[in-house]
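All remarks here apply to the structure that follows.
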Amino acid sequence: MRRVSRRKFVTGAAGLTAAAAATDASAQTAGRVRGYDHVALPMQNTDAMVAFYRRLGLQVNEGPVACSVYVGDQMINFHRPSRWQDPSFTLRAPAARPPCGDLCFVWEGTPEALKALLDRAGAKVEEGPVPRPGGRQKTGSSVYVRDPDGNLLEFMIYS
């Protein structure tokens, strides 16, 4: 077994660390997917959907072809029927028809406050609270409801 001096070992290790850092830096410079900006779903019952999401306390902006629901820094665009039923509108999933959404929201409050909000919104709990693995790579407690179009909404509480 060949012995390496402490100085050569430390110098070699520092060189490997610098090479790894350079590789990481070039990967970051090249770009990466950082998160979601928005999702888009077709909607059938425009008035009921807009009222429901407002009762959940979310900002809703109505436009001629879509209603945008803001959730923190993200957005859900609900396409109006005139938009998603238009054969010339091809920037969507070809088979997308209401209800096709399955959305999970992070709730930053107590289970009791969530229940009160869902009751005020007229949402019937389908399941929960139940433990579920989440996008934060840990387990949370989830409650499932449906919006007026039938999309599944999950509200997850991380502890």
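Residues in the structure tokens are numbered from 1 in each chain, the chains being A, B, ... in the order shown, and ligands are numbered from 1 in the order shown.
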
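Every residue of range 7-116 of chain A found in strand (DSSP E or B) when DSSP is run on the backbone appears here: A:His38, A:Val39, A:Ala40, A:Leu41, A:Pro42, A:Gln59, A:Val60, A:Asn61, A:Glu62, A:Ala66, A:Cys67, A:Ser68, A:Val69, A:Tyr70, A:Val71, A:Gln74, A:Met75, A:Ile76, A:Asn77, A:Phe78, A:His79, A:Asp102, A:Leu103, A:Cys104, A:Phe105, A:Val106.
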
Dump as a CSV table (one decimal), in the first residue's frame, selection limited to C-alpha atoms:
```csv
chain,number,residue,atom,x,y,z
A,38,HIS,CA,-49.7,27.5,-13.6
A,39,VAL,CA,-51.9,24.7,-14.7
A,40,ALA,CA,-54.9,24.9,-17.0
A,41,LEU,CA,-58.1,22.9,-16.9
A,42,PRO,CA,-61.4,23.1,-18.8
A,59,GLN,CA,-58.3,35.6,-5.9
A,60,VAL,CA,-60.2,35.0,-9.1
A,61,ASN,CA,-59.7,37.1,-12.3
A,62,GLU,CA,-62.3,36.6,-15.0
A,66,ALA,CA,-60.4,31.8,-19.0
A,67,CYS,CA,-60.8,32.5,-15.3
A,68,SER,CA,-57.5,32.7,-13.4
A,69,VAL,CA,-57.4,31.5,-9.8
A,70,TYR,CA,-54.3,32.6,-7.8
A,71,VAL,CA,-52.9,30.3,-5.2
A,74,GLN,CA,-49.1,29.9,-8.8
A,75,MET,CA,-52.2,30.1,-11.0
A,76,ILE,CA,-54.9,27.8,-12.2
A,77,ASN,CA,-56.5,28.8,-15.5
A,78,PHE,CA,-59.9,27.4,-15.9
A,79,HIS,CA,-60.8,27.6,-19.6
A,102,ASP,CA,-56.7,16.5,-9.4
A,103,LEU,CA,-55.2,19.4,-7.5
A,104,CYS,CA,-53.5,19.4,-4.1
A,105,PHE,CA,-53.3,22.6,-2.1
A,106,VAL,CA,-51.1,23.1,1.0
```

Next on the checklist: Residues near Thr139 in chain A, anyone? I mean within 10 Å using only C-alpha atoms, not counting same-chain ones fewer than 3 positions away, as a ChimeraX atom specification.
Outcome noted: /A:131-136,142,156-159

Write out, as a JSON list (two decimals), in the first residue's frame, the residues just selected, with C-alpha atoms.
```json
[["chain", "number", "residue", "atom", "x", "y", "z"],
["A", 131, "PRO", "CA", -51.99, 10.54, 5.97],
["A", 132, "ARG", "CA", -50.49, 10.99, 2.49],
["A", 133, "PRO", "CA", -46.98, 11.45, 1.09],
["A", 134, "GLY", "CA", -46.59, 14.92, -0.38],
["A", 135, "GLY", "CA", -44.48, 16.91, -2.80],
["A", 136, "ARG", "CA", -42.34, 18.20, 0.04],
["A", 142, "SER", "CA", -55.02, 15.26, 3.54],
["A", 156, "MET", "CA", -52.69, 18.85, 2.69],
["A", 157, "ILE", "CA", -51.52, 19.93, 6.12],
["A", 158, "TYR", "CA", -47.84, 19.40, 6.87],
["A", 159, "SER", "CA", -46.93, 19.32, 10.56]]
```

Item to check | d(CA of Asp149 in chain A, CA of Ala123 in chain A) in Å | outcome: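 For CA of Asp149 in chain A relative to CA of Ala123 in chain A, the distance reads 11.8 Å.
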
Checklist entry - Any idea what the distance is between CA of Arg92 in chain A and CA of Arg146 in chain A? => result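 These two atoms are separated by 22.1 Å.
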
Item to check | One-decimal distance in Å that lies between CA of Val145 in chain A and CA of Leu118 in chain A | outcome: 8.4 Å
